[in-house]
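J.: Just so it is clear, I am handing over structure_3.tsv, which has TSV, C-alpha atoms and all ligand atoms.
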chain	number	residue	atom	x	y	z
A	309	MET	CA	21.26	7.61	-18.25
A	310	ILE	CA	24.08	6.09	-16.24
A	311	PHE	CA	24.74	2.48	-17.15
A	312	MET	CA	24.89	0.18	-14.18
A	313	LEU	CA	25.88	-3.35	-13.33
A	314	LEU	CA	23.49	-4.50	-10.62
A	315	LEU	CA	23.20	-7.44	-8.26
A	316	ALA	CA	19.49	-8.18	-7.71
A	317	LEU	CA	18.16	-10.21	-4.78
A	318	GLU	CA	14.72	-11.65	-4.06
A	319	SER	CA	13.54	-13.57	-0.97
A	320	SER	CA	9.92	-12.51	-0.44
A	321	CYS	CA	8.37	-15.98	-0.31
A	322	ASP	CA	9.66	-19.46	-1.14
A	323	GLU	CA	12.24	-18.70	-3.81
A	324	THR	CA	15.68	-17.29	-3.13
A	325	ALA	CA	16.99	-15.57	-6.22
A	326	ALA	CA	20.12	-13.70	-7.28
A	327	ALA	CA	20.81	-12.11	-10.65
A	328	VAL	CA	23.33	-9.86	-12.34
A	329	VAL	CA	21.80	-7.41	-14.80
A	330	ARG	CA	23.48	-4.75	-16.92
A	331	ASP	CA	21.74	-1.43	-17.62
A	332	GLY	CA	18.38	-2.74	-16.43
A	333	GLN	CA	18.23	-4.65	-19.71
A	334	GLN	CA	20.80	-7.36	-20.19
A	335	VAL	CA	20.40	-10.38	-17.91
A	336	LEU	CA	23.87	-11.86	-17.32
A	337	SER	CA	22.63	-14.40	-14.78
A	338	ASN	CA	19.29	-15.19	-13.13
A	339	ILE	CA	19.64	-17.95	-10.55
A	340	ILE	CA	16.63	-19.23	-8.62
A	341	ALA	CA	16.66	-21.66	-5.70
A	342	SER	CA	13.14	-22.95	-5.19
A	343	GLN	CA	12.01	-24.21	-1.79
A	344	VAL	CA	8.96	-26.04	-3.20
A	345	ASP	CA	10.12	-29.45	-1.95
A	346	LEU	CA	10.62	-28.08	1.55
A	347	HIS	CA	7.06	-26.77	1.82
A	348	ALA	CA	5.18	-29.31	-0.33
A	349	VAL	CA	4.70	-31.73	2.57
A	350	TYR	CA	2.84	-28.99	4.47
A	351	GLY	CA	0.66	-28.05	1.48
A	352	GLY	CA	1.82	-24.41	1.62
A	353	VAL	CA	4.68	-22.14	2.60
A	354	VAL	CA	5.82	-22.34	6.24
A	355	PRO	CA	7.25	-18.86	6.94
A	356	GLU	CA	9.88	-19.87	9.51
A	357	LEU	CA	11.23	-22.65	7.29
A	358	ALA	CA	11.32	-20.24	4.36
A	359	SER	CA	13.46	-17.71	6.26
A	360	ARG	CA	15.91	-20.36	7.42
A	361	ARG	CA	16.34	-21.76	3.93
A	362	HIS	CA	16.88	-18.26	2.46
A	363	LEU	CA	19.61	-17.74	5.03
A	364	GLU	CA	21.32	-21.01	4.11
A	365	VAL	CA	21.34	-20.48	0.36
A	366	ILE	CA	21.73	-16.76	-0.21
A	367	ASN	CA	25.53	-16.65	0.02
A	368	PRO	CA	26.28	-19.49	-2.41
A	369	LEU	CA	23.51	-18.23	-4.69
A	370	VAL	CA	25.11	-14.81	-5.00
A	371	GLU	CA	28.48	-16.47	-5.72
A	372	GLU	CA	26.82	-18.54	-8.44
A	373	ALA	CA	25.11	-15.48	-9.95
A	374	LEU	CA	28.47	-13.66	-10.14
A	375	THR	CA	30.32	-16.66	-11.59
A	376	THR	CA	27.62	-17.34	-14.18
A	377	ALA	CA	27.66	-13.68	-15.18
A	378	GLY	CA	31.46	-13.67	-15.38
A	379	VAL	CA	31.51	-10.68	-13.06
A	380	LYS	CA	33.64	-9.92	-10.00
A	381	GLN	CA	32.19	-8.52	-6.81
A	382	GLU	CA	34.15	-5.29	-7.28
A	383	ASP	CA	32.61	-4.76	-10.76
A	384	LEU	CA	29.13	-4.32	-9.24
A	385	GLU	CA	27.75	-0.79	-9.16
A	386	GLY	CA	24.60	-1.27	-7.10
A	387	VAL	CA	22.38	-3.72	-5.23
A	388	VAL	CA	18.63	-4.03	-5.72
A	389	VAL	CA	16.49	-6.07	-3.38
A	390	THR	CA	12.81	-6.88	-2.85
A	391	ARG	CA	11.70	-4.70	0.05
A	392	GLY	CA	8.12	-6.06	0.13
A	393	PRO	CA	5.40	-7.17	0.12
A	394	GLY	CA	5.87	-10.74	1.31
A	395	LEU	CA	6.70	-12.78	4.40
A	396	VAL	CA	8.52	-10.41	6.69
A	397	GLY	CA	11.07	-12.94	7.99
A	398	ALA	CA	11.83	-14.07	4.46
A	399	LEU	CA	12.13	-10.51	3.15
A	400	LEU	CA	14.49	-9.59	5.99
A	401	VAL	CA	17.05	-12.14	4.83
A	402	GLY	CA	17.36	-10.49	1.40
A	403	VAL	CA	17.18	-6.96	2.78
A	404	SER	CA	19.83	-7.58	5.47
A	405	PHE	CA	22.12	-9.33	3.02
A	406	ALA	CA	21.71	-6.53	0.47
A	407	LYS	CA	22.48	-3.85	3.05
A	408	ALA	CA	25.62	-5.61	4.26
A	409	TYR	CA	26.76	-6.23	0.69
A	410	ALA	CA	26.19	-2.65	-0.44
A	411	TYR	CA	27.91	-1.31	2.69
A	412	ALA	CA	30.94	-3.57	2.28
A	413	LEU	CA	31.34	-2.71	-1.41
A	414	LYS	CA	30.46	0.99	-0.88
A	415	ILE	CA	27.87	0.87	-3.65
A	416	PRO	CA	24.27	2.18	-3.61
A	417	LEU	CA	21.29	0.12	-2.54
A	418	ILE	CA	17.66	0.28	-3.61
A	419	GLY	CA	14.65	-1.58	-2.22
A	420	VAL	CA	12.02	-2.36	-4.86
A	421	HIS	CA	8.38	-3.50	-4.73
A	422	HIS	CA	7.99	-7.16	-5.66
A	423	ILE	CA	4.98	-6.51	-7.92
A	424	GLU	CA	6.76	-3.62	-9.61
A	425	GLY	CA	9.43	-6.21	-10.41
A	426	HIS	CA	6.86	-8.59	-11.89
A	427	ILE	CA	5.19	-5.86	-13.96
A	428	GLN	CA	8.41	-4.39	-15.35
A	429	ALA	CA	10.01	-7.82	-16.07
A	430	ILE	CA	8.66	-7.69	-19.62
A	431	GLN	CA	11.06	-4.80	-20.35
A	432	LEU	CA	13.97	-7.25	-20.09
A	433	GLU	CA	12.63	-9.05	-23.15
A	434	GLU	CA	10.85	-6.45	-25.26
A	435	ARG	CA	10.28	-2.73	-24.94
A	436	VAL	CA	6.66	-2.00	-24.06
A	437	GLU	CA	5.68	1.65	-24.34
A	438	TYR	CA	3.87	3.33	-21.47
A	439	PRO	CA	1.05	3.66	-20.64
A	440	PHE	CA	-0.26	0.09	-20.40
A	441	LEU	CA	-2.62	-1.99	-18.31
A	442	ALA	CA	-0.82	-4.39	-15.97
A	443	VAL	CA	-2.58	-7.57	-14.93
A	444	ALA	CA	-0.65	-8.71	-11.85
A	445	VAL	CA	-1.64	-12.30	-11.11
A	446	SER	CA	0.34	-14.21	-8.52
A	447	GLY	CA	-0.03	-16.11	-5.27
A	448	GLY	CA	-0.80	-12.91	-3.36
A	449	HIS	CA	-2.13	-10.54	-6.04
A	450	THR	CA	-4.85	-10.24	-8.63
A	451	HIS	CA	-4.66	-6.55	-9.34
A	452	LEU	CA	-5.20	-4.34	-12.36
A	453	PHE	CA	-3.03	-1.23	-12.61
A	454	ARG	CA	-2.74	1.57	-15.05
A	455	VAL	CA	1.02	1.93	-15.54
A	456	ASP	CA	2.32	5.29	-16.74
A	457	GLY	CA	5.98	4.50	-16.13
A	458	ILE	CA	8.32	3.07	-13.53
A	459	GLY	CA	7.02	4.14	-10.12
A	460	ARG	CA	3.73	5.35	-11.62
A	461	TYR	CA	0.86	2.99	-10.86
A	462	ARG	CA	-2.86	3.59	-10.43
A	463	LEU	CA	-4.95	0.78	-8.97
A	464	LEU	CA	-8.04	0.06	-11.09
A	465	GLY	CA	-9.27	-3.11	-9.42
A	466	ARG	CA	-8.21	-5.97	-7.20
A	467	THR	CA	-9.42	-9.18	-5.70
A	468	VAL	CA	-11.68	-8.74	-2.71
A	469	ASP	CA	-10.78	-12.19	-1.35
A	470	ASP	CA	-8.38	-14.81	-2.73
A	471	ALA	CA	-5.72	-14.05	-5.29
A	472	ALA	CA	-5.93	-16.12	-8.48
A	473	GLY	CA	-2.81	-18.15	-7.62
A	474	GLU	CA	-4.12	-18.76	-4.13
A	475	ALA	CA	-7.38	-20.09	-5.61
A	476	PHE	CA	-5.43	-22.43	-7.92
A	477	ASP	CA	-3.40	-23.68	-4.94
A	478	LYS	CA	-6.45	-24.18	-2.70
A	479	VAL	CA	-8.49	-26.00	-5.35
A	480	ALA	CA	-5.53	-28.31	-6.05
A	481	LYS	CA	-5.22	-28.98	-2.33
A	482	MET	CA	-8.95	-29.85	-2.10
A	483	MET	CA	-8.41	-32.47	-4.78
A	484	GLY	CA	-5.23	-33.78	-3.13
A	485	LEU	CA	-3.11	-32.75	-6.10
A	486	GLY	CA	-0.09	-31.27	-4.31
A	487	TYR	CA	1.61	-27.89	-4.02
A	488	PRO	CA	1.88	-25.48	-5.75
A	489	GLY	CA	-1.41	-26.21	-7.43
A	490	GLY	CA	-1.29	-23.75	-10.34
A	491	PRO	CA	1.06	-25.70	-12.60
A	492	ILE	CA	-0.66	-29.02	-11.73
A	493	ILE	CA	-4.14	-27.73	-12.58
A	494	ASP	CA	-2.76	-26.11	-15.71
A	495	LYS	CA	-1.37	-29.46	-16.87
A	496	LEU	CA	-4.60	-31.35	-16.11
A	497	ALA	CA	-6.70	-28.67	-17.80
A	498	GLY	CA	-4.55	-29.13	-20.91
A	499	ALA	CA	-6.70	-32.15	-21.85
A	500	ASN	CA	-9.28	-29.45	-22.66
A	501	ASP	CA	-12.28	-31.47	-21.51
A	502	ASP	CA	-14.54	-29.91	-18.88
A	503	GLY	CA	-17.09	-32.74	-19.16
A	504	GLY	CA	-19.84	-30.13	-19.27
A	505	ILE	CA	-19.01	-28.83	-15.76
A	506	VAL	CA	-19.57	-25.09	-15.42
A	507	PHE	CA	-18.38	-23.07	-12.44
A	508	PRO	CA	-19.54	-19.49	-11.75
A	509	ARG	CA	-17.70	-16.41	-13.04
A	510	PRO	CA	-17.97	-14.16	-9.96
A	511	MET	CA	-18.27	-10.42	-10.49
A	512	VAL	CA	-17.75	-10.71	-14.22
A	513	LYS	CA	-20.83	-8.60	-14.96
A	514	LYS	CA	-20.09	-5.96	-12.32
A	515	HIS	CA	-19.03	-2.64	-13.69
A	516	ASN	CA	-16.01	-2.27	-11.47
A	517	PHE	CA	-12.68	-4.00	-12.03
A	518	ASP	CA	-12.57	-5.99	-8.81
A	519	PHE	CA	-12.34	-9.76	-8.66
A	520	SER	CA	-13.55	-12.49	-6.34
A	521	PHE	CA	-12.31	-16.07	-6.53
A	522	SER	CA	-13.55	-17.58	-3.28
A	523	GLY	CA	-16.96	-18.35	-4.84
A	524	VAL	CA	-15.42	-20.45	-7.63
A	525	LYS	CA	-13.35	-22.26	-5.03
A	526	THR	CA	-16.49	-23.00	-2.96
A	527	ALA	CA	-18.32	-24.15	-6.09
A	528	VAL	CA	-15.53	-26.68	-6.69
A	529	LEU	CA	-15.76	-27.85	-3.07
A	530	ASN	CA	-19.54	-28.26	-3.32
A	531	TYR	CA	-19.14	-30.17	-6.57
A	532	LEU	CA	-16.66	-32.55	-4.90
A	533	HIS	CA	-19.01	-33.04	-1.93
A	534	ARG	CA	-21.92	-33.92	-4.22
A	535	LEU	CA	-20.01	-36.72	-5.95
A	536	GLN	CA	-21.18	-40.19	-4.90
A	537	GLU	CA	-17.65	-41.60	-4.96
A	538	PRO	CA	-14.11	-40.17	-4.98
A	539	PRO	CA	-13.39	-38.53	-8.34
A	540	ASP	CA	-11.41	-40.60	-10.84
A	541	GLU	CA	-8.61	-39.13	-12.98
A	542	THR	CA	-10.99	-38.07	-15.75
A	543	THR	CA	-13.30	-36.24	-13.35
A	544	ILE	CA	-10.32	-34.51	-11.69
A	545	SER	CA	-9.09	-33.29	-15.07
A	546	GLN	CA	-12.60	-32.10	-15.99
A	547	ILE	CA	-12.93	-30.17	-12.72
A	548	ALA	CA	-9.46	-28.67	-13.24
A	549	CYS	CA	-10.42	-27.62	-16.75
A	550	ALA	CA	-13.77	-26.12	-15.71
A	551	PHE	CA	-12.14	-24.25	-12.82
A	552	GLN	CA	-9.30	-22.87	-14.92
A	553	THR	CA	-11.72	-21.81	-17.67
A	554	ALA	CA	-13.85	-19.90	-15.14
A	555	VAL	CA	-10.83	-18.10	-13.64
A	556	VAL	CA	-9.34	-17.32	-17.04
A	557	ASP	CA	-12.69	-15.99	-18.33
A	558	VAL	CA	-13.03	-13.56	-15.44
A	559	ILE	CA	-9.42	-12.31	-15.58
A	560	THR	CA	-9.41	-11.82	-19.34
A	561	GLN	CA	-12.85	-10.21	-19.64
A	562	LYS	CA	-12.23	-7.75	-16.82
A	563	SER	CA	-8.75	-6.90	-18.06
A	564	VAL	CA	-9.96	-6.11	-21.55
A	565	ARG	CA	-12.79	-3.96	-20.18
A	566	ALA	CA	-10.38	-2.11	-17.89
A	567	ALA	CA	-7.96	-1.45	-20.75
A	568	GLU	CA	-10.78	-0.17	-22.95
A	569	SER	CA	-12.21	2.07	-20.23
A	570	GLU	CA	-8.76	3.62	-19.67
A	571	GLY	CA	-8.16	3.99	-23.40
A	572	LEU	CA	-5.12	1.70	-23.17
A	573	ASN	CA	-4.22	-0.50	-26.10
A	574	ARG	CA	-1.45	-2.51	-24.44
A	575	ILE	CA	-1.80	-5.12	-21.70
A	576	VAL	CA	1.08	-6.69	-19.78
A	577	VAL	CA	0.28	-9.88	-17.87
A	578	ALA	CA	2.69	-10.57	-15.01
A	579	GLY	CA	3.30	-12.83	-11.99
A	580	GLY	CA	3.33	-16.59	-11.48
A	581	VAL	CA	-0.21	-17.16	-12.81
A	582	ALA	CA	0.89	-15.52	-16.09
A	583	CYS	CA	2.60	-18.89	-16.75
A	584	ASN	CA	-0.87	-20.42	-17.13
A	585	SER	CA	-1.33	-21.80	-20.63
A	586	GLY	CA	-5.12	-21.29	-20.63
A	587	LEU	CA	-4.64	-17.63	-19.70
A	588	ARG	CA	-1.98	-17.15	-22.37
A	589	THR	CA	-4.15	-18.77	-25.05
A	590	LYS	CA	-7.28	-16.79	-24.15
A	591	PHE	CA	-5.42	-13.48	-24.06
A	592	ALA	CA	-3.81	-14.30	-27.42
A	593	GLU	CA	-7.29	-14.89	-28.90
A	594	LEU	CA	-8.55	-11.64	-27.40
A	595	ALA	CA	-5.57	-9.77	-28.81
A	596	VAL	CA	-6.76	-10.77	-32.27
A	597	SER	CA	-10.45	-9.99	-31.72
A	598	SER	CA	-9.98	-6.75	-29.73
A	599	GLY	CA	-6.96	-5.30	-31.51
A	600	LEU	CA	-5.16	-4.93	-28.17
A	601	GLU	CA	-1.47	-5.74	-27.89
A	602	ILE	CA	-0.94	-8.28	-25.14
A	603	PHE	CA	2.48	-9.05	-23.65
A	604	PHE	CA	3.61	-11.95	-21.48
A	605	PRO	CA	7.15	-12.35	-20.17
A	606	SER	CA	8.63	-15.80	-20.72
A	607	PRO	CA	7.71	-18.21	-17.90
A	608	LEU	CA	11.09	-17.85	-16.14
A	609	LEU	CA	10.46	-14.11	-15.79
A	610	CYS	CA	6.78	-14.56	-14.79
A	611	ALA	CA	7.56	-16.69	-11.74
A	612	ASP	CA	9.53	-15.28	-8.82
A	613	ASN	CA	13.05	-14.30	-9.87
A	614	SER	CA	15.32	-11.37	-9.15
A	615	ALA	CA	16.38	-10.17	-12.61
A	616	MET	CA	12.89	-8.63	-12.83
A	617	LEU	CA	13.81	-6.19	-10.04
A	618	ALA	CA	16.66	-4.70	-12.03
A	619	VAL	CA	14.43	-2.80	-14.48
A	620	ALA	CA	13.03	-0.48	-11.80
A	621	GLY	CA	16.20	-0.76	-9.67
A	622	ASP	CA	18.40	0.51	-12.49
A	623	TYR	CA	15.98	3.32	-13.26
A	624	TYR	CA	15.79	4.48	-9.64
A	625	LEU	CA	19.54	4.33	-9.03
A	626	SER	CA	20.27	6.06	-12.32
A	627	SER	CA	17.82	8.79	-11.26
A	628	GLY	CA	19.69	9.24	-7.98
A	629	LEU	CA	17.06	7.52	-5.86
A	630	PHE	CA	18.47	5.02	-3.40
A	631	SER	CA	17.68	3.47	-0.04
A	632	GLY	CA	19.63	4.12	3.13
A	633	LEU	CA	21.13	1.49	5.36
A	634	ASP	CA	18.03	1.86	7.53
A	635	LEU	CA	16.02	0.12	4.77
A	636	ASN	CA	13.48	-2.20	6.34
A	637	ALA	CA	11.32	-4.97	4.93
A	638	VAL	CA	7.59	-4.21	4.57
A	639	SER	CA	5.23	-7.15	4.51
A	640	ASN	CA	2.23	-5.11	3.41
A	641	TRP	CA	2.97	-2.42	0.83
A	642	PRO	CA	0.37	-1.34	-1.76
A	643	LEU	CA	2.04	-0.81	-5.15
A	644	GLU	CA	0.18	2.44	-5.74
A	645	GLN	CA	2.10	3.89	-2.78
A	646	VAL	CA	5.36	3.47	-4.69
A	647	ARG	CA	6.27	6.85	-6.07
A	648	CYS	CA	9.00	7.77	-8.42
A	649	ALA	CA	10.34	11.24	-7.74
B	1	LIG	O1	4.57	-14.71	-8.69
B	1	LIG	P1	4.69	-15.99	-7.98
B	1	LIG	O2	5.78	-16.94	-8.42
B	1	LIG	O3	4.85	-15.75	-6.44
B	1	LIG	C1	4.11	-14.74	-5.80
B	1	LIG	O4	4.55	-13.57	-5.88
B	1	LIG	O5	3.05	-15.10	-5.26
B	1	LIG	O6	3.27	-16.74	-8.10
B	1	LIG	C2	3.05	-17.96	-7.48
B	1	LIG	C3	1.65	-18.43	-7.84
B	1	LIG	C4	1.26	-19.72	-7.14
B	1	LIG	O7	-0.01	-19.55	-6.57
B	1	LIG	C5	1.24	-20.74	-8.27
B	1	LIG	O8	0.32	-21.80	-8.08
B	1	LIG	C6	0.84	-19.88	-9.43
B	1	LIG	O9	1.56	-18.68	-9.25
B	1	LIG	N1	1.21	-20.49	-10.72
B	1	LIG	C7	0.31	-20.86	-11.65
B	1	LIG	C8	1.03	-21.45	-12.69
B	1	LIG	N2	2.35	-21.41	-12.38
B	1	LIG	C9	2.44	-20.81	-11.16
B	1	LIG	N3	-1.03	-20.74	-11.65
B	1	LIG	C10	-1.68	-21.22	-12.73
B	1	LIG	N4	-1.06	-21.81	-13.77
B	1	LIG	C11	0.30	-21.96	-13.81
B	1	LIG	N5	0.89	-22.54	-14.84
B	2	ZN	ZN	5.86	-13.03	-7.14
Let me see the structure of the file written as structure tokens.

T.:
Amino acid sequence: MIFMLLLALESSCDETAAAVVRDGQQVLSNIIASQVDLHAVYGGVVPELASRRHLEVINPLVEEALTTAGVKQEDLEGVVVTRGPGLVGALLVGVSFAKAYAYALKIPLIGVHHIEGHIQAIQLEERVEYPFLAVAVSGGHTHLFRVDGIGRYRLLGRTVDDAAGEAFDKVAKMMGLGYPGGPIIDKLAGANDDGGIVFPRPMVKKHNFDFSFSGVKTAVLNYLHRLQEPPDETTISQIACAFQTAVVDVITQKSVRAAESEGLNRIVVAGGVACNSGLRTKFAELAVSSGLEIFFPSPLLCADNSAMLAVAGDYYLSSGLFSGLDLNAVSNWPLEQVRCA
């Protein structure tokens, strides 16, 4: 194992992030510039605005990451960057910056899969033995993978329509709650009162490990349409609670079944939706009743950040795998196509 000091960069969606990580383990800095305010007025991410903002902030962000880490540019031994999936214009800012930086410093470069970053982020906080089941829940993913190591992923199931985070965001938008909806619904659901409202748990009984969230979303819309008058604060909280409970039920039940069917006794939950307190509580209960070990990174490492990329980045570079200066961004890149030589 060669020990490396890496600069990690992320710009796949609406967060620009720069981090300095030693040995794929020790996070010296992890700076995140969120664009939430920029996009909130539109109720979702506007790709062109995202790219422009990445371009404006990436330079000072890298400076800040180096200063916070107490590291000089010339101390860096490699650059790791999100290659995809994501918004192509946004990705290109990080990829182009990383290529120029690596070229100027004459250090190696590696492009990493965003979801591989999310899944391996846990290794920055505690060592989780392979194999494990990864539950990748974010704005673009609700996927279950068997993980046998870095670069070794087998897809077991995935959403056939909306991702869980997308469903949270859309339901919040329907109720006029703002963007991003996940954290807002999570907070409202915290009152723990569903007022007896029950939304469907799509595909929960099916024997595969796929998900569908558009039906729950439509059920919320129909419920809102049936109300005689605009919902008051209590009703909004009850809908939020009932919706979150339905989503959490489906994710947790299917994950546990998938782990059991693969003979896996460890589950890692990753991605922005892994911040959800209902999901964390339910998985913690299931850990007790099922005997499974369930791991969640801390919220800062669940949401988009770039330190998470350094786990796989360090491993690849230390194994002699690196990207050329012809590295391109890929907007659509299934994780199971990532292969570690
Ligand atoms: O991983 P992430 O930061 O970006 C993507 O790779 O997509 O995930 C963003 C998603 C958004 O849909 C956001 O609403 C959701 O994660 N999210 C949450 C919570 N915090 C963020 N969803 C539910 N509960 C939360 N506390
Ligand atoms: Zn993400």

J.: Quick one: of A:Gly386, A:Gly523, A:Pro508, A:Gly378, who's nearest to A:Asp557, counting only C-alpha atoms?

T.: A:Pro508

J.: Dig up all the protein and nucleic acid residues within 6 Å of (5.8, 6.9, -11.5) in the file frame, using all atoms listed in the file, and format them as a PDB file with C-alpha atoms, in the coordinates of the input.

T.:
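Ended up saving to out.pdb:
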ATOM      1  CA  GLY A 457       5.980   4.500 -16.130  1.00  0.00           C
ATOM      2  CA  ILE A 458       8.320   3.070 -13.530  1.00  0.00           C
ATOM      3  CA  GLY A 459       7.020   4.140 -10.120  1.00  0.00           C
ATOM      4  CA  ARG A 460       3.730   5.350 -11.620  1.00  0.00           C
ATOM      5  CA  ARG A 647       6.270   6.850  -6.070  1.00  0.00           C
ATOM      6  CA  CYS A 648       9.000   7.770  -8.420  1.00  0.00           C
TER       7      CYS A 648
END

J.: May I have the residues within 6 Å of ligand LIG 1 (chain B), computed using all atoms listed in the file, as a ChimeraX atom specification?

T.: /A:446-448,473-474,476-477,488-491,494,579-581,583-584,611-612

J.: Residues within 12 Å of ligand ZN 2 (chain B) (all atoms listed in the file), as an MDAnalysis selection string?

T.: chainID A and resid 318:325 390 392:395 421:427 429 444:450 471 473:474 578:583 608:614 616:617

J.: Quick one: distance from atom CA of A:Ile430 to atom CA of A:Gly332 in Å, one decimal?

T.: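 Separating atom CA of A:Ile430 from atom CA of A:Gly332 is a distance of 11.4 Å.
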
J.: Take atom CA of A:Leu643 and atom CA of A:Leu629 and report the distance between them in Å, one decimal.

T.: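 So the two atoms, atom CA of A:Leu643 and atom CA of A:Leu629, lie 17.2 Å apart.
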
J.: Interatomic distance between atom CA of A:Arg330 and atom CA of A:Leu317?

T.: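 Taking atom CA of A:Arg330 as the start and atom CA of A:Leu317 as the end point, the length is 14.3 Å.
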
J.: Considering only C-alpha atoms, can you say which of A:Gly632, A:Gly586, A:Pro605, A:Pro355 comes closest to A:Lys414?

T.: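 Between A:Gly632, A:Gly586, A:Pro605, A:Pro355, the residue approaching A:Lys414 most closely is A:Gly632.
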
J.: For A:Ala377, which of A:Val329, A:Ser404, A:Cys549, A:Arg391 is the closest residue, counting only C-alpha atoms?

T.: A:Val329

J.: Rank A:Lys380, A:Lys590, A:Lys562, A:Arg462 by their smallest atom-to-atom distance to A:Pro642, using only C-alpha atoms, and report the top residue only.

T.: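 Checking each candidate against A:Pro642, we get A:Arg462 as the closest.
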
J.: Looking at all atoms listed in the file, which of A:Pro607, A:Pro416, A:Pro510, A:Pro539 is the one that sits closest to A:Leu633?

T.: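 The answer is A:Pro416, which sits nearest to A:Leu633.
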
J.: Identify which of the residues A:Val365, A:Val455, A:Ala410, A:Ala358 lies closest to A:Val396, counting only C-alpha atoms when measuring atom-to-atom distances.

T.: A:Ala358

J.: Got a sec to check which residues sit within 7 Å of (-13.9, -17.0, -12.5), counting all atoms listed in the file, and write them as number ranges by chain?

T.: A: 508-510, 521, 524, 554-558

J.: Near A:Val479, counting only C-alpha atoms, which residues have an atom at most 8 Å away, once you skip same-chain residues fewer than 4 positions from it, shown as a compact mmCIF listing (two decimals) with C-alpha atoms, keeping the file's coordinate frame?

T.:
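Final output, saved to out-v4.txt:
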# COMPACT_ATOMS: atom_id res chain seq x y z
CA ALA A 475 -7.38 -20.09 -5.61
CA MET A 483 -8.41 -32.47 -4.78
CA GLY A 489 -1.41 -26.21 -7.43
CA LYS A 525 -13.35 -22.26 -5.03
CA VAL A 528 -15.53 -26.68 -6.69
CA LEU A 529 -15.76 -27.85 -3.07

J.: Using only C-alpha atoms, determine which residues lie at most 12 Å from A:Val564, disregarding the query and same-chain residues fewer than 5 positions distant; provide the list as a PyMOL selection string.

T.: chain A and resi 440-443+452+512+517+557-559+569-577+590-595+597-602

J.: Let me see the file: selected residues, C-alpha atoms, as a short mmCIF file (atom, residue, chain, number, x, y, z; two decimals), in the frame of the given file.

T.:
data_model
loop_
_atom_site.label_atom_id
_atom_site.label_comp_id
_atom_site.auth_asym_id
_atom_site.auth_seq_id
_atom_site.Cartn_x
_atom_site.Cartn_y
_atom_site.Cartn_z
CA PHE A 440 -0.26 0.09 -20.40
CA LEU A 441 -2.62 -1.99 -18.31
CA ALA A 442 -0.82 -4.39 -15.97
CA VAL A 443 -2.58 -7.57 -14.93
CA LEU A 452 -5.20 -4.34 -12.36
CA VAL A 512 -17.75 -10.71 -14.22
CA PHE A 517 -12.68 -4.00 -12.03
CA ASP A 557 -12.69 -15.99 -18.33
CA VAL A 558 -13.03 -13.56 -15.44
CA ILE A 559 -9.42 -12.31 -15.58
CA SER A 569 -12.21 2.07 -20.23
CA GLU A 570 -8.76 3.62 -19.67
CA GLY A 571 -8.16 3.99 -23.40
CA LEU A 572 -5.12 1.70 -23.17
CA ASN A 573 -4.22 -0.50 -26.10
CA ARG A 574 -1.45 -2.51 -24.44
CA ILE A 575 -1.80 -5.12 -21.70
CA VAL A 576 1.08 -6.69 -19.78
CA VAL A 577 0.28 -9.88 -17.87
CA LYS A 590 -7.28 -16.79 -24.15
CA PHE A 591 -5.42 -13.48 -24.06
CA ALA A 592 -3.81 -14.30 -27.42
CA GLU A 593 -7.29 -14.89 -28.90
CA LEU A 594 -8.55 -11.64 -27.40
CA ALA A 595 -5.57 -9.77 -28.81
CA SER A 597 -10.45 -9.99 -31.72
CA SER A 598 -9.98 -6.75 -29.73
CA GLY A 599 -6.96 -5.30 -31.51
CA LEU A 600 -5.16 -4.93 -28.17
CA GLU A 601 -1.47 -5.74 -27.89
CA ILE A 602 -0.94 -8.28 -25.14
#

J.: Do you know which residues are at most 10 Å from A:Thr542 counting only C-alpha atoms, after dropping those on the same chain fewer than 5 positions away, and could you put them as a list of chain:residue names?

T.: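 After dropping sequence-adjacent residues, the list is A:Leu496, A:Ala499, A:Asp501, A:Asp502, A:Gly503, A:Ile547, A:Ala548.
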
J.: Residues as selected, C-alpha atoms, written as a PDB file, keeping the file's coordinate frame, can you do that?

T.:
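Below is the file that was written, out_1.pdb:
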ATOM      1  CA  LEU A 496      -4.600 -31.350 -16.110  1.00  0.00           C
ATOM      2  CA  ALA A 499      -6.700 -32.150 -21.850  1.00  0.00           C
ATOM      3  CA  ASP A 501     -12.280 -31.470 -21.510  1.00  0.00           C
ATOM      4  CA  ASP A 502     -14.540 -29.910 -18.880  1.00  0.00           C
ATOM      5  CA  GLY A 503     -17.090 -32.740 -19.160  1.00  0.00           C
ATOM      6  CA  ILE A 547     -12.930 -30.170 -12.720  1.00  0.00           C
ATOM      7  CA  ALA A 548      -9.460 -28.670 -13.240  1.00  0.00           C
TER       8      ALA A 548
END
